[in-house]
Amino acid sequence: MKCPSCGKSVSKHKTTCGACEAELPVNAAQEMSATTESEGKIYPILGWVFVVLTLIVLPIIFGPAAFVMGVLTFRKRSKVHGIVLMVVSVIVLIISIILSALMMMA
């Protein structure tokens with residue numbers, strides 16, 4: 001969040017600016033915390049949906065998409081959840097490719 005008086009970056013939990021000591025609007029602090037909480041929720045959801053779709057259809061498309069959602073989850077939401085999502089997406093992609101190859105041979 002930026003201070004409306006001086007433009008310096010301010011923590012979302014502060015009520016006054018550390019640089020110019022100006023009072024921050026209550027609405028801005030509440031608005032900032034609301035957007036931070038919702039930011040990045042879609043990445044893990046899409047990631048897990050793509051992991052399931054990797055097993056069902058088009059592993060070449062949905063496997064990398066699940067991995068990308070894992071990277072975005074790692075950066076925006078949760079490092080542990082992002083790593084788990086990336087590892088699972090790679091494993092599921094490999095399994096799907098092997099199963100596809102076996103089905104083509106049969």
# chains A, B, ... in the order shown; residues from 1 in each chain; ligands from 1
call {"tool": "residues_around", "arguments": {"residues": "stretch 94-105 of chain A", "least_positions_apart": "6", "cutoff": "12 Å", "atoms": "only C-alpha atoms", "output": "number ranges by chain"}}
result
A: 51-64, 87-88
call {"tool": "residues_around", "arguments": {"residues": "stretch 68-70 of chain A", "least_positions_apart": "5", "cutoff": "10 Å", "atoms": "only C-alpha atoms", "output": "compact mmCIF listing (two decimals) with all heavy atoms, in the first residue's frame"}}
result
# COMPACT_ATOMS: atom_id res chain seq x y z
N GLY A 40 -4.26 -14.79 -5.28
CA GLY A 40 -3.59 -16.06 -5.50
C GLY A 40 -4.40 -17.29 -5.15
O GLY A 40 -3.88 -18.39 -5.24
N ILE A 42 -6.85 -18.58 -6.80
CA ILE A 42 -7.24 -19.31 -8.01
C ILE A 42 -6.13 -20.24 -8.50
O ILE A 42 -6.40 -21.28 -9.10
CB ILE A 42 -7.68 -18.32 -9.12
CG1 ILE A 42 -8.38 -19.05 -10.27
CG2 ILE A 42 -6.50 -17.53 -9.65
CD1 ILE A 42 -9.73 -19.55 -9.89
N TYR A 43 -4.87 -19.90 -8.22
CA TYR A 43 -3.75 -20.70 -8.74
C TYR A 43 -3.74 -22.13 -8.20
O TYR A 43 -3.64 -23.08 -8.99
CB TYR A 43 -2.41 -20.02 -8.48
CG TYR A 43 -2.33 -18.64 -9.09
CD1 TYR A 43 -1.91 -17.54 -8.33
CD2 TYR A 43 -2.66 -18.41 -10.41
CE1 TYR A 43 -1.83 -16.28 -8.88
CE2 TYR A 43 -2.59 -17.14 -10.97
CZ TYR A 43 -2.17 -16.08 -10.20
OH TYR A 43 -2.09 -14.84 -10.74
N PRO A 44 -3.84 -22.35 -6.89
CA PRO A 44 -3.85 -23.75 -6.44
C PRO A 44 -5.10 -24.51 -6.89
O PRO A 44 -5.02 -25.70 -7.20
CB PRO A 44 -3.78 -23.65 -4.91
CG PRO A 44 -4.08 -22.25 -4.56
CD PRO A 44 -3.79 -21.42 -5.77
N ILE A 45 -6.23 -23.82 -6.95
CA ILE A 45 -7.46 -24.48 -7.39
C ILE A 45 -7.30 -24.96 -8.84
O ILE A 45 -7.57 -26.11 -9.16
CB ILE A 45 -8.67 -23.54 -7.24
CG1 ILE A 45 -8.93 -23.25 -5.77
CG2 ILE A 45 -9.91 -24.14 -7.92
CD1 ILE A 45 -9.91 -22.13 -5.51
N LEU A 46 -6.87 -24.05 -9.70
CA LEU A 46 -6.66 -24.44 -11.11
C LEU A 46 -5.57 -25.50 -11.23
O LEU A 46 -5.67 -26.40 -12.06
CB LEU A 46 -6.26 -23.21 -11.94
CG LEU A 46 -7.40 -22.30 -12.37
CD1 LEU A 46 -6.84 -21.09 -13.10
CD2 LEU A 46 -8.37 -23.04 -13.25
N GLY A 47 -4.55 -25.40 -10.41
CA GLY A 47 -3.47 -26.39 -10.45
C GLY A 47 -3.96 -27.79 -10.21
O GLY A 47 -3.64 -28.73 -10.94
N TRP A 48 -4.78 -27.97 -9.17
CA TRP A 48 -5.30 -29.30 -8.85
C TRP A 48 -6.30 -29.77 -9.90
O TRP A 48 -6.35 -30.96 -10.23
CB TRP A 48 -5.88 -29.34 -7.45
CG TRP A 48 -4.80 -29.23 -6.41
CD1 TRP A 48 -4.57 -28.19 -5.57
CD2 TRP A 48 -3.76 -30.18 -6.16
NE1 TRP A 48 -3.46 -28.44 -4.80
CE2 TRP A 48 -2.94 -29.65 -5.14
CE3 TRP A 48 -3.43 -31.42 -6.70
CZ2 TRP A 48 -1.82 -30.32 -4.65
CZ3 TRP A 48 -2.31 -32.08 -6.20
CH2 TRP A 48 -1.53 -31.55 -5.20
N PHE A 50 -6.11 -29.01 -13.06
CA PHE A 50 -5.26 -29.40 -14.18
C PHE A 50 -4.56 -30.74 -13.93
O PHE A 50 -4.35 -31.51 -14.86
CB PHE A 50 -4.23 -28.32 -14.50
CG PHE A 50 -4.81 -27.07 -15.10
CD1 PHE A 50 -4.10 -25.88 -15.08
CD2 PHE A 50 -6.07 -27.05 -15.67
CE1 PHE A 50 -4.63 -24.72 -15.63
CE2 PHE A 50 -6.62 -25.91 -16.22
CZ PHE A 50 -5.89 -24.74 -16.20
N VAL A 51 -4.20 -31.02 -12.68
CA VAL A 51 -3.59 -32.32 -12.36
C VAL A 51 -4.57 -33.44 -12.68
O VAL A 51 -4.21 -34.45 -13.29
CB VAL A 51 -3.14 -32.37 -10.87
CG1 VAL A 51 -2.85 -33.80 -10.44
CG2 VAL A 51 -1.91 -31.51 -10.65
N PHE A 62 -2.29 -30.20 -20.12
CA PHE A 62 -2.67 -29.92 -18.75
C PHE A 62 -1.55 -30.18 -17.74
O PHE A 62 -1.55 -29.59 -16.66
CB PHE A 62 -3.93 -30.72 -18.38
CG PHE A 62 -5.16 -30.19 -19.06
CD1 PHE A 62 -5.80 -30.93 -20.04
CD2 PHE A 62 -5.66 -28.94 -18.74
CE1 PHE A 62 -6.93 -30.44 -20.67
CE2 PHE A 62 -6.78 -28.44 -19.38
CZ PHE A 62 -7.42 -29.20 -20.34
N GLY A 63 -0.61 -31.06 -18.05
CA GLY A 63 0.53 -31.30 -17.15
C GLY A 63 1.38 -30.05 -16.96
O GLY A 63 1.61 -29.61 -15.83
N ARG A 75 4.85 -18.62 -5.73
CA ARG A 75 5.20 -17.19 -5.66
C ARG A 75 4.16 -16.34 -4.94
O ARG A 75 4.50 -15.42 -4.22
CB ARG A 75 5.38 -16.64 -7.07
CG ARG A 75 6.62 -17.14 -7.73
CD ARG A 75 6.81 -16.45 -9.04
NE ARG A 75 8.01 -16.92 -9.70
CZ ARG A 75 8.34 -16.62 -10.92
NH1 ARG A 75 7.54 -15.87 -11.66
NH2 ARG A 75 9.44 -17.09 -11.45
N LYS A 76 2.88 -16.62 -5.15
CA LYS A 76 1.83 -15.72 -4.66
C LYS A 76 1.13 -16.20 -3.39
O LYS A 76 0.56 -15.39 -2.68
CB LYS A 76 0.76 -15.55 -5.74
CG LYS A 76 1.26 -15.02 -7.04
CD LYS A 76 1.03 -13.57 -7.13
CE LYS A 76 1.49 -13.09 -8.51
NZ LYS A 76 1.29 -11.71 -8.68
N ARG A 77 1.14 -17.49 -3.12
CA ARG A 77 0.28 -18.00 -2.06
C ARG A 77 1.07 -18.72 -0.97
O ARG A 77 1.19 -18.23 0.12
CB ARG A 77 -0.75 -18.95 -2.69
CG ARG A 77 -1.84 -19.36 -1.81
CD ARG A 77 -2.94 -18.34 -1.86
NE ARG A 77 -4.02 -18.82 -1.00
CZ ARG A 77 -4.75 -18.03 -0.29
NH1 ARG A 77 -4.57 -16.75 -0.34
NH2 ARG A 77 -5.69 -18.50 0.47
N SER A 78 1.57 -19.92 -1.27
CA SER A 78 2.22 -20.75 -0.27
C SER A 78 3.36 -21.51 -0.91
O SER A 78 3.17 -22.21 -1.90
CB SER A 78 1.20 -21.73 0.31
OG SER A 78 1.83 -22.76 1.03
N LYS A 79 4.54 -21.39 -0.34
CA LYS A 79 5.71 -22.06 -0.90
C LYS A 79 5.56 -23.58 -0.84
O LYS A 79 5.82 -24.27 -1.81
CB LYS A 79 6.96 -21.60 -0.19
CG LYS A 79 7.27 -20.14 -0.44
CD LYS A 79 8.65 -19.78 0.02
CE LYS A 79 8.94 -18.31 -0.15
NZ LYS A 79 8.77 -17.76 -1.46
N VAL A 80 5.11 -24.11 0.30
CA VAL A 80 4.97 -25.55 0.45
C VAL A 80 3.91 -26.10 -0.50
O VAL A 80 4.14 -27.09 -1.20
CB VAL A 80 4.63 -25.92 1.91
CG1 VAL A 80 4.33 -27.40 2.05
CG2 VAL A 80 5.76 -25.51 2.84
N HIS A 81 2.76 -25.46 -0.55
CA HIS A 81 1.69 -25.90 -1.45
C HIS A 81 2.14 -25.83 -2.90
O HIS A 81 1.83 -26.71 -3.72
CB HIS A 81 0.45 -25.05 -1.23
CG HIS A 81 -0.80 -25.61 -1.83
ND1 HIS A 81 -2.02 -25.06 -1.59
CD2 HIS A 81 -1.03 -26.65 -2.67
CE1 HIS A 81 -2.93 -25.75 -2.25
NE2 HIS A 81 -2.35 -26.71 -2.91
N GLY A 82 2.88 -24.79 -3.26
CA GLY A 82 3.39 -24.67 -4.62
C GLY A 82 4.35 -25.78 -4.99
O GLY A 82 4.27 -26.35 -6.08
N ILE A 83 5.25 -26.12 -4.07
CA ILE A 83 6.21 -27.20 -4.33
C ILE A 83 5.49 -28.53 -4.47
O ILE A 83 5.77 -29.31 -5.39
CB ILE A 83 7.28 -27.26 -3.21
CG1 ILE A 83 8.18 -26.03 -3.30
CG2 ILE A 83 8.09 -28.54 -3.30
CD1 ILE A 83 9.12 -25.86 -2.13
N VAL A 84 4.53 -28.79 -3.58
CA VAL A 84 3.76 -30.04 -3.67
C VAL A 84 3.03 -30.11 -5.01
O VAL A 84 3.04 -31.15 -5.68
CB VAL A 84 2.77 -30.16 -2.48
CG1 VAL A 84 1.79 -31.29 -2.69
CG2 VAL A 84 3.53 -30.33 -1.18
N LEU A 85 2.42 -29.03 -5.40
CA LEU A 85 1.68 -29.00 -6.66
C LEU A 85 2.61 -29.22 -7.85
O LEU A 85 2.27 -29.96 -8.78
CB LEU A 85 0.93 -27.68 -6.79
CG LEU A 85 -0.05 -27.52 -7.95
CD1 LEU A 85 -1.05 -28.66 -7.99
CD2 LEU A 85 -0.76 -26.20 -7.83
N MET A 86 3.80 -28.62 -7.83
CA MET A 86 4.75 -28.82 -8.93
C MET A 86 5.22 -30.27 -9.00
O MET A 86 5.26 -30.86 -10.10
CB MET A 86 5.95 -27.88 -8.77
CG MET A 86 5.64 -26.43 -9.08
SD MET A 86 7.09 -25.38 -9.03
CE MET A 86 7.25 -25.06 -7.28
N VAL A 87 5.56 -30.86 -7.86
CA VAL A 87 6.04 -32.25 -7.84
C VAL A 87 4.95 -33.21 -8.30
O VAL A 87 5.18 -34.08 -9.14
CB VAL A 87 6.56 -32.62 -6.43
CG1 VAL A 87 6.81 -34.10 -6.31
CG2 VAL A 87 7.81 -31.83 -6.10
N VAL A 88 3.75 -33.03 -7.77
CA VAL A 88 2.63 -33.91 -8.16
C VAL A 88 2.32 -33.76 -9.64
O VAL A 88 2.05 -34.76 -10.34
CB VAL A 88 1.39 -33.63 -7.29
CG1 VAL A 88 0.16 -34.34 -7.83
CG2 VAL A 88 1.65 -34.04 -5.85
N SER A 89 2.37 -32.55 -10.16
CA SER A 89 2.06 -32.35 -11.58
C SER A 89 3.08 -33.06 -12.48
O SER A 89 2.70 -33.65 -13.49
CB SER A 89 1.97 -30.86 -11.92
OG SER A 89 3.21 -30.24 -11.81
call {"tool": "closest_residue", "arguments": {"among": "A:Val49, A:Cys20, A:Ala66, A:Val10", "to": "A:Leu93", "atoms": "only C-alpha atoms"}}
result
A:Ala66
call {"tool": "atom_distance", "arguments": {"atom1": "atom CA of A:Ser9", "atom2": "atom CA of A:Pro25"}}
result
14.2 Å
call {"tool": "decode", "arguments": {"residues": "chain A", "atoms": "C-alpha atoms", "output": "CSV table (one decimal), in the first residue's frame"}}
result
chain,number,residue,atom,x,y,z
A,1,MET,CA,0.0,0.0,0.0
A,2,LYS,CA,1.2,3.5,-0.7
A,3,CYS,CA,0.9,6.5,1.5
A,4,PRO,CA,-1.6,9.1,0.0
A,5,SER,CA,0.6,11.9,1.3
A,6,CYS,CA,4.2,11.0,0.4
A,7,GLY,CA,3.7,8.0,-1.9
A,8,LYS,CA,6.1,5.7,0.1
A,9,SER,CA,5.3,2.1,0.5
A,10,VAL,CA,3.5,1.3,3.8
A,11,SER,CA,2.8,-2.1,5.5
A,12,LYS,CA,-0.9,-3.1,5.3
A,13,HIS,CA,-1.1,-3.3,9.1
A,14,LYS,CA,0.0,0.3,9.8
A,15,THR,CA,-2.4,3.1,10.5
A,16,THR,CA,0.3,5.8,10.0
A,17,CYS,CA,3.0,6.3,7.4
A,18,GLY,CA,6.5,5.6,8.8
A,19,ALA,CA,8.1,8.2,6.5
A,20,CYS,CA,5.8,11.3,6.9
A,21,GLU,CA,3.7,10.2,9.9
A,22,ALA,CA,0.5,10.9,8.0
A,23,GLU,CA,-2.7,9.1,9.1
A,24,LEU,CA,-3.7,6.4,6.7
A,25,PRO,CA,-7.4,6.0,5.8
A,26,VAL,CA,-9.0,3.1,7.6
A,27,ASN,CA,-10.7,2.0,4.3
A,28,ALA,CA,-7.3,1.7,2.5
A,29,ALA,CA,-5.9,-0.6,5.2
A,30,GLN,CA,-9.0,-2.7,5.2
A,31,GLU,CA,-9.2,-2.8,1.4
A,32,MET,CA,-5.5,-3.8,1.2
A,33,SER,CA,-5.9,-6.7,3.6
A,34,ALA,CA,-9.0,-7.9,1.8
A,35,THR,CA,-7.2,-8.0,-1.6
A,36,THR,CA,-4.1,-9.7,-0.1
A,37,GLU,CA,-6.2,-12.5,1.4
A,38,SER,CA,-8.0,-13.2,-1.9
A,39,GLU,CA,-4.9,-12.8,-4.0
A,40,GLY,CA,-3.6,-16.1,-5.5
A,41,LYS,CA,-6.5,-18.3,-4.4
A,42,ILE,CA,-7.2,-19.3,-8.0
A,43,TYR,CA,-3.8,-20.7,-8.7
A,44,PRO,CA,-3.8,-23.7,-6.4
A,45,ILE,CA,-7.5,-24.5,-7.4
A,46,LEU,CA,-6.7,-24.4,-11.1
A,47,GLY,CA,-3.5,-26.4,-10.5
A,48,TRP,CA,-5.3,-29.3,-8.9
A,49,VAL,CA,-8.0,-29.2,-11.5
A,50,PHE,CA,-5.3,-29.4,-14.2
A,51,VAL,CA,-3.6,-32.3,-12.4
A,52,VAL,CA,-6.8,-34.3,-12.6
A,53,LEU,CA,-7.3,-33.3,-16.2
A,54,THR,CA,-3.8,-34.5,-16.9
A,55,LEU,CA,-4.8,-38.0,-16.0
A,56,ILE,CA,-8.0,-37.9,-18.0
A,57,VAL,CA,-7.3,-35.9,-21.2
A,58,LEU,CA,-4.4,-34.2,-23.0
A,59,PRO,CA,-1.5,-34.7,-20.5
A,60,ILE,CA,0.8,-32.7,-22.7
A,61,ILE,CA,-1.3,-29.6,-22.3
A,62,PHE,CA,-2.7,-29.9,-18.8
A,63,GLY,CA,0.5,-31.3,-17.2
A,64,PRO,CA,2.6,-28.2,-17.9
A,65,ALA,CA,-0.4,-26.0,-17.1
A,66,ALA,CA,-0.6,-27.6,-13.6
A,67,PHE,CA,3.1,-27.1,-13.2
A,68,VAL,CA,2.8,-23.4,-14.0
A,69,MET,CA,-0.1,-23.1,-11.5
A,70,GLY,CA,2.3,-24.7,-9.0
A,71,VAL,CA,4.9,-22.0,-9.7
A,72,LEU,CA,2.4,-19.2,-9.4
A,73,THR,CA,1.1,-20.8,-6.1
A,74,PHE,CA,4.7,-20.9,-4.9
A,75,ARG,CA,5.2,-17.2,-5.7
A,76,LYS,CA,1.8,-15.7,-4.7
A,77,ARG,CA,0.3,-18.0,-2.1
A,78,SER,CA,2.2,-20.8,-0.3
A,79,LYS,CA,5.7,-22.1,-0.9
A,80,VAL,CA,5.0,-25.6,0.4
A,81,HIS,CA,1.7,-25.9,-1.5
A,82,GLY,CA,3.4,-24.7,-4.6
A,83,ILE,CA,6.2,-27.2,-4.3
A,84,VAL,CA,3.8,-30.0,-3.7
A,85,LEU,CA,1.7,-29.0,-6.7
A,86,MET,CA,4.7,-28.8,-8.9
A,87,VAL,CA,6.0,-32.2,-7.8
A,88,VAL,CA,2.6,-33.9,-8.2
A,89,SER,CA,2.1,-32.4,-11.6
A,90,VAL,CA,5.4,-33.7,-12.9
A,91,ILE,CA,4.7,-37.2,-11.5
A,92,VAL,CA,1.2,-37.3,-12.9
A,93,LEU,CA,2.4,-36.1,-16.2
A,94,ILE,CA,5.0,-38.9,-16.4
A,95,ILE,CA,2.4,-41.5,-15.4
A,96,SER,CA,0.0,-40.2,-18.0
A,97,ILE,CA,2.5,-40.3,-20.7
A,98,ILE,CA,3.5,-43.8,-19.8
A,99,LEU,CA,-0.1,-45.0,-19.7
A,100,SER,CA,-0.8,-43.3,-23.1
A,101,ALA,CA,2.2,-45.1,-24.6
A,102,LEU,CA,1.1,-48.4,-23.2
A,103,MET,CA,-2.4,-48.0,-24.5
A,104,MET,CA,-1.1,-47.2,-28.0
A,105,MET,CA,1.1,-50.4,-27.9
A,106,ALA,CA,-1.9,-52.6,-27.0
